[in-house]
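One file, data_18.csv, carrying CSV, C-alpha atoms:
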```
chain,number,residue,atom,x,y,z
E,1,MET,CA,29.2,-17.7,-32.2
E,2,GLN,CA,28.1,-14.7,-30.2
E,3,LEU,CA,24.4,-15.2,-30.7
E,4,ASP,CA,24.8,-18.8,-29.4
E,5,ALA,CA,26.5,-17.4,-26.3
E,6,LEU,CA,23.8,-14.8,-25.9
E,7,TRP,CA,21.1,-17.5,-26.2
E,8,GLN,CA,22.8,-19.6,-23.5
E,9,PHE,CA,23.1,-16.5,-21.3
E,10,MET,CA,19.4,-15.9,-21.7
E,11,GLN,CA,18.4,-19.3,-20.5
E,12,VAL,CA,20.2,-18.8,-17.2
E,13,ASP,CA,19.0,-15.1,-17.0
E,14,MET,CA,15.4,-16.1,-17.5
E,15,GLU,CA,15.7,-19.0,-15.0
E,16,ALA,CA,17.1,-16.5,-12.4
E,17,ASP,CA,14.3,-14.0,-13.2
E,18,GLY,CA,11.7,-16.7,-13.0
E,19,PHE,CA,13.0,-18.0,-9.6
E,20,GLU,CA,13.1,-14.4,-8.2
E,21,GLY,CA,9.5,-13.9,-9.4
E,22,LYS,CA,8.4,-17.1,-7.6
E,23,MET,CA,10.1,-15.8,-4.4
E,24,ARG,CA,8.1,-12.6,-4.6
E,25,GLN,CA,4.9,-14.5,-5.1
E,26,SER,CA,5.5,-17.2,-2.5
E,27,GLU,CA,2.5,-18.0,-0.4
E,28,ASN,CA,4.3,-17.2,2.9
E,29,ARG,CA,5.5,-13.8,1.6
E,30,GLN,CA,1.9,-12.9,0.4
E,31,LYS,CA,0.6,-13.8,3.8
E,32,LEU,CA,3.2,-11.7,5.5
E,33,LEU,CA,2.3,-8.7,3.4
E,34,LYS,CA,-1.3,-9.3,4.2
E,35,TYR,CA,-0.6,-9.3,8.0
E,36,ARG,CA,1.6,-6.3,7.6
E,37,ASN,CA,-1.2,-4.4,5.8
E,38,VAL,CA,-3.6,-5.4,8.6
E,39,LEU,CA,-1.2,-4.0,11.2
E,40,MET,CA,-0.7,-0.8,9.3
E,41,GLU,CA,-4.5,-0.4,9.0
E,42,GLN,CA,-4.9,-1.0,12.7
E,43,LYS,CA,-2.2,1.5,13.5
E,44,ASN,CA,-3.8,4.2,11.2
E,45,SER,CA,-7.2,3.5,12.7
E,46,MET,CA,-5.8,3.8,16.2
E,47,LYS,CA,-4.1,7.0,15.4
E,48,LYS,CA,-7.3,8.5,14.0
E,49,LEU,CA,-9.2,7.4,17.1
E,50,GLU,CA,-6.6,9.0,19.3
E,51,ASP,CA,-6.8,12.2,17.3
E,52,ASP,CA,-10.6,12.1,17.5
E,53,ILE,CA,-10.5,11.5,21.3
E,54,ALA,CA,-8.0,14.3,21.8
E,55,GLY,CA,-10.2,16.7,19.8
E,56,MET,CA,-13.3,15.5,21.8
E,57,SER,CA,-11.5,16.1,25.0
E,58,ASP,CA,-10.6,19.7,24.0
E,59,ARG,CA,-14.2,20.2,22.9
E,60,LEU,CA,-15.6,18.9,26.2
E,61,GLU,CA,-13.4,21.3,28.1
E,62,ALA,CA,-14.7,24.1,26.0
E,63,ILE,CA,-18.3,23.1,26.5
E,64,ALA,CA,-17.8,22.8,30.3
E,65,ASP,CA,-16.4,26.3,30.4
E,66,GLU,CA,-19.2,27.6,28.3
E,67,ILE,CA,-21.8,25.9,30.5
E,68,ALA,CA,-20.2,27.4,33.6
E,69,ARG,CA,-20.3,30.8,32.0
E,70,LEU,CA,-23.9,30.5,30.9
E,71,GLU,CA,-25.0,29.3,34.4
E,72,LYS,CA,-23.4,32.4,35.9
E,73,LYS,CA,-25.2,34.6,33.4
E,74,LEU,CA,-28.5,32.7,34.1
E,75,GLU,CA,-28.0,33.2,37.8
E,76,ALA,CA,-27.3,36.9,37.3
E,77,ALA,CA,-30.4,37.3,35.0
E,78,VAL,CA,-32.7,35.6,37.6
E,79,ALA,CA,-31.2,37.7,40.4
E,80,GLU,CA,-31.7,40.8,38.3
E,81,LYS,CA,-35.3,39.9,37.6
E,82,GLU,CA,-36.0,39.3,41.3
E,83,ALA,CA,-34.2,42.5,42.4
E,84,HIS,CA,-35.8,44.7,39.7
E,85,PRO,CA,-39.2,43.3,38.8
E,86,ALA,CA,-40.5,44.4,35.5
E,87,THR,CA,-43.0,47.3,35.5
E,88,THR,CA,-44.2,46.8,32.0
E,89,ILE,CA,-45.2,43.9,29.8
E,90,GLU,CA,-42.3,44.8,27.5
E,91,GLU,CA,-39.8,44.7,30.3
E,92,ALA,CA,-41.2,41.4,31.5
E,93,ALA,CA,-41.0,39.9,28.0
E,94,LYS,CA,-37.5,41.1,27.6
E,95,GLN,CA,-36.4,39.5,30.9
E,96,ALA,CA,-38.1,36.3,29.9
E,97,ASP,CA,-36.5,36.2,26.5
E,98,VAL,CA,-33.0,36.6,28.1
E,99,ILE,CA,-33.6,33.8,30.6
E,100,GLU,CA,-35.2,31.6,27.9
E,101,LYS,CA,-32.3,32.1,25.5
E,102,LEU,CA,-29.8,31.2,28.3
E,103,LEU,CA,-31.8,28.1,29.2
E,104,LYS,CA,-31.9,27.0,25.5
E,105,ASP,CA,-28.2,27.5,25.1
E,106,LEU,CA,-27.5,25.5,28.2
E,107,ALA,CA,-29.8,22.7,27.1
E,108,ASP,CA,-28.0,22.6,23.7
E,109,TYR,CA,-24.6,22.4,25.2
E,110,GLU,CA,-25.7,19.7,27.7
E,111,LYS,CA,-27.2,17.7,24.9
E,112,GLU,CA,-24.0,18.0,22.9
E,113,MET,CA,-21.9,17.0,25.9
E,114,GLN,CA,-24.1,13.9,26.4
E,115,LYS,CA,-23.7,12.9,22.8
E,116,MET,CA,-19.9,13.3,23.0
E,117,HIS,CA,-19.8,11.1,26.1
E,118,ARG,CA,-21.6,8.4,24.2
E,119,ASP,CA,-19.2,8.9,21.3
E,120,SER,CA,-16.3,8.6,23.6
E,121,GLU,CA,-17.6,5.3,25.0
E,122,ASN,CA,-18.0,4.0,21.5
E,123,ARG,CA,-14.4,5.1,20.6
E,124,ASP,CA,-13.1,3.4,23.7
E,125,LYS,CA,-14.8,0.1,22.6
E,126,GLN,CA,-13.3,0.6,19.1
E,127,GLN,CA,-9.8,1.0,20.6
E,128,LYS,CA,-10.2,-2.2,22.5
E,129,ASP,CA,-11.3,-4.1,19.4
E,130,ILE,CA,-8.4,-2.6,17.4
E,131,ARG,CA,-5.9,-3.7,20.0
E,132,VAL,CA,-7.3,-7.2,20.0
E,133,ARG,CA,-7.1,-7.5,16.2
E,134,ALA,CA,-3.7,-5.9,16.1
E,135,ALA,CA,-2.4,-8.3,18.7
E,136,LYS,CA,-3.7,-11.3,16.9
E,137,ALA,CA,-2.3,-10.1,13.5
E,138,LYS,CA,1.1,-9.4,15.2
E,139,ALA,CA,1.3,-12.8,16.7
E,140,GLU,CA,0.5,-14.5,13.4
E,141,TYR,CA,3.0,-12.2,11.6
E,142,ASP,CA,5.8,-13.0,14.0
E,143,ALA,CA,5.1,-16.8,13.9
E,144,LEU,CA,5.0,-16.8,10.1
E,145,LYS,CA,8.1,-14.6,9.7
E,146,VAL,CA,10.3,-17.2,11.4
E,147,THR,CA,9.2,-19.7,8.7
E,148,TYR,CA,9.5,-17.2,5.9
E,149,ASP,CA,13.0,-16.0,7.0
E,150,LYS,CA,14.3,-19.5,6.8
E,151,GLU,CA,12.6,-20.0,3.4
E,152,PHE,CA,13.9,-16.7,2.1
E,153,GLY,CA,17.4,-17.5,3.2
E,154,GLU,CA,17.5,-20.8,1.4
E,155,ASP,CA,15.9,-19.3,-1.7
E,156,SER,CA,18.3,-16.4,-1.7
E,157,GLU,CA,21.2,-18.8,-1.8
E,158,THR,CA,19.7,-20.5,-4.8
E,159,LEU,CA,19.0,-17.2,-6.5
E,160,ASN,CA,22.6,-16.0,-5.9
E,161,LYS,CA,24.0,-19.2,-7.5
E,162,LEU,CA,21.7,-18.6,-10.5
E,163,ARG,CA,22.9,-14.9,-10.7
E,164,GLU,CA,26.5,-16.0,-10.5
E,165,LYS,CA,26.0,-18.5,-13.3
E,166,SER,CA,24.3,-15.8,-15.3
E,167,ALA,CA,27.2,-13.4,-14.7
E,168,THR,CA,29.6,-16.1,-15.9
E,169,GLU,CA,27.7,-16.6,-19.1
E,170,ALA,CA,27.4,-12.8,-19.6
E,171,LYS,CA,31.2,-12.6,-19.8
E,172,LYS,CA,31.1,-14.8,-22.9
E,173,VAL,CA,28.9,-12.3,-24.8
E,174,ASP,CA,30.1,-9.2,-26.6
E,175,PRO,CA,29.2,-6.1,-24.4
E,176,THR,CA,27.4,-4.3,-27.3
E,177,LEU,CA,25.2,-7.4,-27.9
E,178,LEU,CA,24.6,-7.7,-24.2
E,179,ALA,CA,23.6,-4.1,-23.9
E,180,ARG,CA,21.1,-4.4,-26.7
E,181,TYR,CA,19.7,-7.5,-25.0
E,182,ARG,CA,19.1,-5.6,-21.8
E,183,GLU,CA,17.5,-2.7,-23.6
E,184,ILE,CA,15.0,-5.0,-25.2
E,185,LYS,CA,14.4,-6.9,-22.0
E,186,GLN,CA,13.1,-3.7,-20.4
E,187,HIS,CA,9.9,-3.9,-22.5
E,188,CYS,CA,10.0,-7.4,-23.9
E,189,THR,CA,10.6,-10.7,-22.1
E,190,PRO,CA,12.2,-13.0,-23.1
E,191,PRO,CA,14.4,-10.6,-25.2
E,192,MET,CA,15.3,-13.4,-27.8
E,193,ALA,CA,13.2,-15.7,-29.9
E,194,LYS,CA,14.1,-18.6,-32.1
E,195,LEU,CA,13.3,-18.5,-35.7
E,196,MET,CA,10.8,-21.3,-36.4
E,197,SER,CA,9.6,-21.9,-40.0
E,198,ASN,CA,10.5,-18.4,-40.9
E,199,GLN,CA,8.4,-17.1,-38.0
E,200,CYS,CA,9.3,-15.5,-34.7
E,201,GLY,CA,9.1,-18.1,-32.0
E,202,GLN,CA,7.5,-15.7,-29.6
E,203,CYS,CA,5.0,-13.5,-31.5
E,204,PHE,CA,4.7,-16.1,-34.4
E,205,MET,CA,4.8,-13.4,-37.1
E,206,GLU,CA,6.4,-14.5,-40.4
E,207,GLN,CA,9.6,-12.6,-41.1
E,208,PRO,CA,10.2,-10.8,-44.5
E,209,SER,CA,12.8,-12.1,-46.9
E,210,ALA,CA,15.2,-9.2,-46.0
E,211,THR,CA,15.2,-10.2,-42.3
E,212,LEU,CA,15.8,-13.9,-43.2
E,213,LEU,CA,18.7,-12.9,-45.4
E,214,SER,CA,20.2,-10.8,-42.7
E,215,LEU,CA,20.1,-13.8,-40.2
E,216,LYS,CA,22.4,-15.7,-42.5
E,217,GLY,CA,25.1,-13.1,-41.6
E,218,GLY,CA,25.9,-14.9,-38.4
E,219,ASP,CA,26.4,-12.7,-35.3
E,220,THR,CA,24.6,-9.6,-36.7
E,221,ILE,CA,21.7,-8.5,-34.5
E,222,VAL,CA,18.5,-9.0,-36.3
E,223,GLU,CA,15.3,-8.1,-34.6
E,224,CYS,CA,11.7,-9.3,-35.2
E,225,ASN,CA,9.9,-6.9,-37.4
E,226,SER,CA,6.8,-7.3,-35.1
E,227,CYS,CA,7.8,-7.7,-31.5
E,228,GLY,CA,11.4,-6.4,-31.6
E,229,ARG,CA,13.0,-9.5,-30.1
E,230,ILE,CA,16.5,-10.6,-31.2
E,231,LEU,CA,16.0,-13.4,-33.6
E,232,TYR,CA,18.1,-16.5,-33.1
E,233,ALA,CA,18.5,-19.1,-35.8
E,234,PRO,CA,20.9,-21.9,-34.6
E,235,ALA,CA,23.1,-23.2,-37.4
E,236,ASN,CA,22.4,-26.8,-36.6
E,237,GLU,CA,18.6,-26.1,-36.9
E,238,GLY,CA,18.8,-24.1,-40.1
```
Full structure transcribed into structure tokens:
Amino acid sequence: MQLDALWQFMQVDMEADGFEGKMRQSENRQKLLKYRNVLMEQKNSMKKLEDDIAGMSDRLEAIADEIARLEKKLEAAVAEKEAHPATTIEEAAKQADVIEKLLKDLADYEKEMQKMHRDSENRDKQQKDIRVRAAKAKAEYDALKVTYDKEFGEDSETLNKLREKSATEAKKVDPTLLARYREIKQHCTPPMAKLMSNQCGQCFMEQPSATLLSLKGGDTIVECNSCGRILYAPANEG
């Protein structure tokens, strides 16, 4: 019977899926993914630091140019004051304001430059720390990958054999029935359920009389009214 063949196919299909799921969740694979994420985080952090340092370097150059410009203006203002002394209180106050403003601007830029130098030293330290962590993670990643590659190769052989067996069983099933099985599998696993005491063996909902009657038709696809799985009622268990 076609439903018997589909049921047999499902056993191998589910076994293959289960084995593939275990491969994805293997301890070594999860550790590798963790190390890879650490390496990516370190790479991104390093890139951000490098961008910050490049921006700081540009800013430092701009500040140095501005300081040089202000120093020349200050020198000129002092020279102007000495060459042409103020004759009134207003002129003296104006000259003092100009010089005071230049001195304040210079102090602000020098303060900013000092802060940026401190920030630069901190970023240098952060870069060194990142390199150390990244080197450690890379060494652990490389060492584990050797073990994982061997494990993956062996597991892949096992999975291929299960998939080959699944493909062999699939050939025994009517294509239309197999297509419906795969549609259901997209949202419901396993796609089939045994009928047990007039109940779906997966969701345990009791089936109506019309569904039970349809099941007696043999290879007709009958789906659970609740979960949508293909119901299977073996003749020798009826």
Give me, please, the distance in Å between atom CA of E:Ile230 and atom CA of E:Ala16, quoted to one decimal.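 The value is 19.7 Å.
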Nearest candidate to E:Leu32 (options E:Ala92, E:Met46, E:Met14, E:Ala143; using only C-alpha atoms):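 Going through E:Ala92, E:Met46, E:Met14, E:Ala143 one by one, the smallest distance to E:Leu32 is for E:Ala143.
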Closest to E:Met23 among E:Asp155, E:Ala167, E:Met196, E:Leu213, using all atoms listed in the file?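 Smallest distance to E:Met23 is found for E:Asp155.
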If you count only C-alpha atoms, which residues fall within 10 Å of E:Lys81, apart from same-chain ones fewer than 4 positions away, as an MDAnalysis selection string? chainID E and resid 75:77 85:86 91:92 95:96 99
Find the residues near E:Asp174: any atom within 10 Å, counting all atoms listed in the file, skip ones fewer than 2 places away on the same chain, and give them as a PyMOL selection string. chain E and resi 2-3+5-6+170-172+176-179
My list of candidates is E:Ala93, E:Met1, E:Val38, E:Leu103. Which is closest to E:Tyr141 when distances are computed with all atoms listed in the file?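 Nearest candidate to E:Tyr141 out of E:Ala93, E:Met1, E:Val38, E:Leu103: E:Val38.
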Could you tell me which of E:Leu159, E:Leu102, E:Ala233, E:Val173 comes closest to E:Lys194 if we count all atoms listed in the file? E:Ala233
Please list as a list in words every residue within 10 Å of E:Met116, counting all atoms listed in the file and excluding residues in the same chain fewer than 3 positions away.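 Surrounding residues, per the criterion: Ile53, Met56, Ser57, Arg59, Leu60, Glu110, Lys111, Glu112, Met113, Asp119, Ser120, Glu121 and Asn122 of chain E.
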Residues at most 9 Å from E:Cys203, counting all atoms listed in the file, excluding those fewer than 5 positions away in the same chain, as a short mmCIF file (atom, residue, chain, number, x, y, z; two decimals) with C-alpha atoms, in the coordinates of the input?
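Heads up, here's the output in out.cif:
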```cif
data_model
loop_
_atom_site.label_atom_id
_atom_site.label_comp_id
_atom_site.auth_asym_id
_atom_site.auth_seq_id
_atom_site.Cartn_x
_atom_site.Cartn_y
_atom_site.Cartn_z
CA ALA E 193 13.20 -15.70 -29.90
CA CYS E 224 11.70 -9.30 -35.20
CA SER E 226 6.80 -7.30 -35.10
CA CYS E 227 7.80 -7.70 -31.50
#
```
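With atom CA of E:Gln11 on one side and atom CA of E:Thr220 on the other, the separation reads 19.9 Å.
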Considering all atoms listed in the file, return as a PDB file with C-alpha atoms, in the coordinates of the input whatever protein or nucleic-acid residues lie within 12 Å of stretch 130-135 of chain E, sequence-local ones (same chain, fewer than 5 positions apart) excluded.
```pdb
ATOM      1  CA  TYR E  35      -0.600  -9.300   8.000  1.00  0.00           C
ATOM      2  CA  ARG E  36       1.600  -6.300   7.600  1.00  0.00           C
ATOM      3  CA  ASN E  37      -1.200  -4.400   5.800  1.00  0.00           C
ATOM      4  CA  VAL E  38      -3.600  -5.400   8.600  1.00  0.00           C
ATOM      5  CA  LEU E  39      -1.200  -4.000  11.200  1.00  0.00           C
ATOM      6  CA  MET E  40      -0.700  -0.800   9.300  1.00  0.00           C
ATOM      7  CA  GLU E  41      -4.500  -0.400   9.000  1.00  0.00           C
ATOM      8  CA  GLN E  42      -4.900  -1.000  12.700  1.00  0.00           C
ATOM      9  CA  LYS E  43      -2.200   1.500  13.500  1.00  0.00           C
ATOM     10  CA  ASN E  44      -3.800   4.200  11.200  1.00  0.00           C
ATOM     11  CA  SER E  45      -7.200   3.500  12.700  1.00  0.00           C
ATOM     12  CA  MET E  46      -5.800   3.800  16.200  1.00  0.00           C
ATOM     13  CA  LYS E  47      -4.100   7.000  15.400  1.00  0.00           C
ATOM     14  CA  LYS E  48      -7.300   8.500  14.000  1.00  0.00           C
ATOM     15  CA  LEU E  49      -9.200   7.400  17.100  1.00  0.00           C
ATOM     16  CA  GLU E  50      -6.600   9.000  19.300  1.00  0.00           C
ATOM     17  CA  ARG E 123     -14.400   5.100  20.600  1.00  0.00           C
ATOM     18  CA  ASP E 124     -13.100   3.400  23.700  1.00  0.00           C
ATOM     19  CA  LYS E 125     -14.800   0.100  22.600  1.00  0.00           C
ATOM     20  CA  GLU E 140       0.500 -14.500  13.400  1.00  0.00           C
ATOM     21  CA  TYR E 141       3.000 -12.200  11.600  1.00  0.00           C
ATOM     22  CA  ASP E 142       5.800 -13.000  14.000  1.00  0.00           C
TER      23      ASP E 142
END
```
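Each of E:Tyr148, E:Glu90, E:Lys161, E:Pro190 was compared to E:Ser26 using all atoms listed in the file, and E:Tyr148 turns out to be the nearest.
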Point-to-point distance in Å for atom CA of E:Lys72 and atom CA of E:Lys115: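 Between atom CA of E:Lys115 and atom CA of E:Lys72 the gap works out to 23.5 Å.
If all atoms listed in the file are the atoms counted, then among E:Asp58, E:Leu195, E:Arg29, E:Met10 the closest residue to E:Val146 is E:Arg29.
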Return stretch 219-230 of chain E, completed with all heavy atoms, as a compact mmCIF listing (two decimals), in the coordinates of the input.
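Generated file (out17.txt):
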```
# COMPACT_ATOMS: atom_id res chain seq x y z
N ASP E 219 26.55 -13.35 -36.63
CA ASP E 219 26.40 -12.70 -35.30
C ASP E 219 25.76 -11.30 -35.42
O ASP E 219 25.75 -10.55 -34.44
CB ASP E 219 27.73 -12.59 -34.61
CG ASP E 219 28.14 -13.94 -34.04
OD1 ASP E 219 27.23 -14.76 -33.80
OD2 ASP E 219 29.35 -14.14 -33.83
N THR E 220 25.27 -10.92 -36.58
CA THR E 220 24.60 -9.60 -36.70
C THR E 220 23.29 -9.64 -35.94
O THR E 220 22.53 -10.61 -36.01
CB THR E 220 24.32 -9.31 -38.19
OG1 THR E 220 25.54 -9.34 -38.92
CG2 THR E 220 23.68 -7.94 -38.32
N ILE E 221 23.00 -8.56 -35.20
CA ILE E 221 21.70 -8.50 -34.50
C ILE E 221 20.60 -8.24 -35.45
O ILE E 221 20.58 -7.24 -36.16
CB ILE E 221 21.75 -7.34 -33.42
CG1 ILE E 221 22.81 -7.61 -32.34
CG2 ILE E 221 20.39 -7.18 -32.77
CD1 ILE E 221 22.93 -6.50 -31.31
N VAL E 222 19.66 -9.15 -35.46
CA VAL E 222 18.50 -9.00 -36.30
C VAL E 222 17.27 -9.15 -35.42
O VAL E 222 17.12 -10.14 -34.70
CB VAL E 222 18.46 -10.12 -37.41
CG1 VAL E 222 17.20 -9.97 -38.27
CG2 VAL E 222 19.70 -10.06 -38.27
N GLU E 223 16.43 -8.15 -35.47
CA GLU E 223 15.30 -8.10 -34.60
C GLU E 223 13.99 -8.40 -35.34
O GLU E 223 13.85 -8.06 -36.51
CB GLU E 223 15.19 -6.77 -33.87
CG GLU E 223 16.42 -6.50 -33.00
CD GLU E 223 16.44 -5.09 -32.44
OE1 GLU E 223 15.41 -4.39 -32.55
OE2 GLU E 223 17.49 -4.68 -31.89
N CYS E 224 13.05 -9.01 -34.64
CA CYS E 224 11.70 -9.30 -35.20
C CYS E 224 11.05 -8.04 -35.65
O CYS E 224 11.00 -7.07 -34.89
CB CYS E 224 10.89 -10.08 -34.20
SG CYS E 224 9.18 -10.33 -34.73
N ASN E 225 10.53 -8.04 -36.87
CA ASN E 225 9.90 -6.90 -37.40
C ASN E 225 8.59 -6.52 -36.61
O ASN E 225 8.11 -5.39 -36.64
CB ASN E 225 9.48 -7.06 -38.86
CG ASN E 225 10.68 -6.89 -39.76
OD1 ASN E 225 11.80 -7.24 -39.39
ND2 ASN E 225 10.47 -6.36 -40.95
N SER E 226 8.05 -7.50 -35.86
CA SER E 226 6.80 -7.30 -35.10
C SER E 226 7.01 -6.97 -33.66
O SER E 226 6.59 -5.92 -33.19
CB SER E 226 5.92 -8.53 -35.27
OG SER E 226 4.74 -8.38 -34.51
N CYS E 227 7.69 -7.85 -32.93
CA CYS E 227 7.80 -7.70 -31.50
C CYS E 227 9.14 -7.06 -31.05
O CYS E 227 9.28 -6.63 -29.90
CB CYS E 227 7.60 -9.00 -30.75
SG CYS E 227 8.89 -10.24 -31.06
N GLY E 228 10.12 -7.01 -31.93
CA GLY E 228 11.40 -6.40 -31.60
C GLY E 228 12.40 -7.26 -30.90
O GLY E 228 13.48 -6.81 -30.52
N ARG E 229 12.09 -8.55 -30.72
CA ARG E 229 13.00 -9.50 -30.10
C ARG E 229 14.21 -9.77 -31.00
O ARG E 229 14.08 -9.70 -32.22
CB ARG E 229 12.33 -10.75 -29.66
CG ARG E 229 11.34 -10.62 -28.51
CD ARG E 229 10.71 -11.97 -28.20
NE ARG E 229 9.92 -11.95 -26.98
CZ ARG E 229 8.63 -11.62 -26.91
NH1 ARG E 229 7.99 -11.29 -28.03
NH2 ARG E 229 8.00 -11.62 -25.76
N ILE E 230 15.33 -10.12 -30.37
CA ILE E 230 16.50 -10.60 -31.20
C ILE E 230 16.20 -11.95 -31.68
O ILE E 230 15.92 -12.87 -30.90
CB ILE E 230 17.77 -10.57 -30.29
CG1 ILE E 230 18.09 -9.15 -29.81
CG2 ILE E 230 18.95 -11.15 -31.08
CD1 ILE E 230 19.23 -9.10 -28.81
```
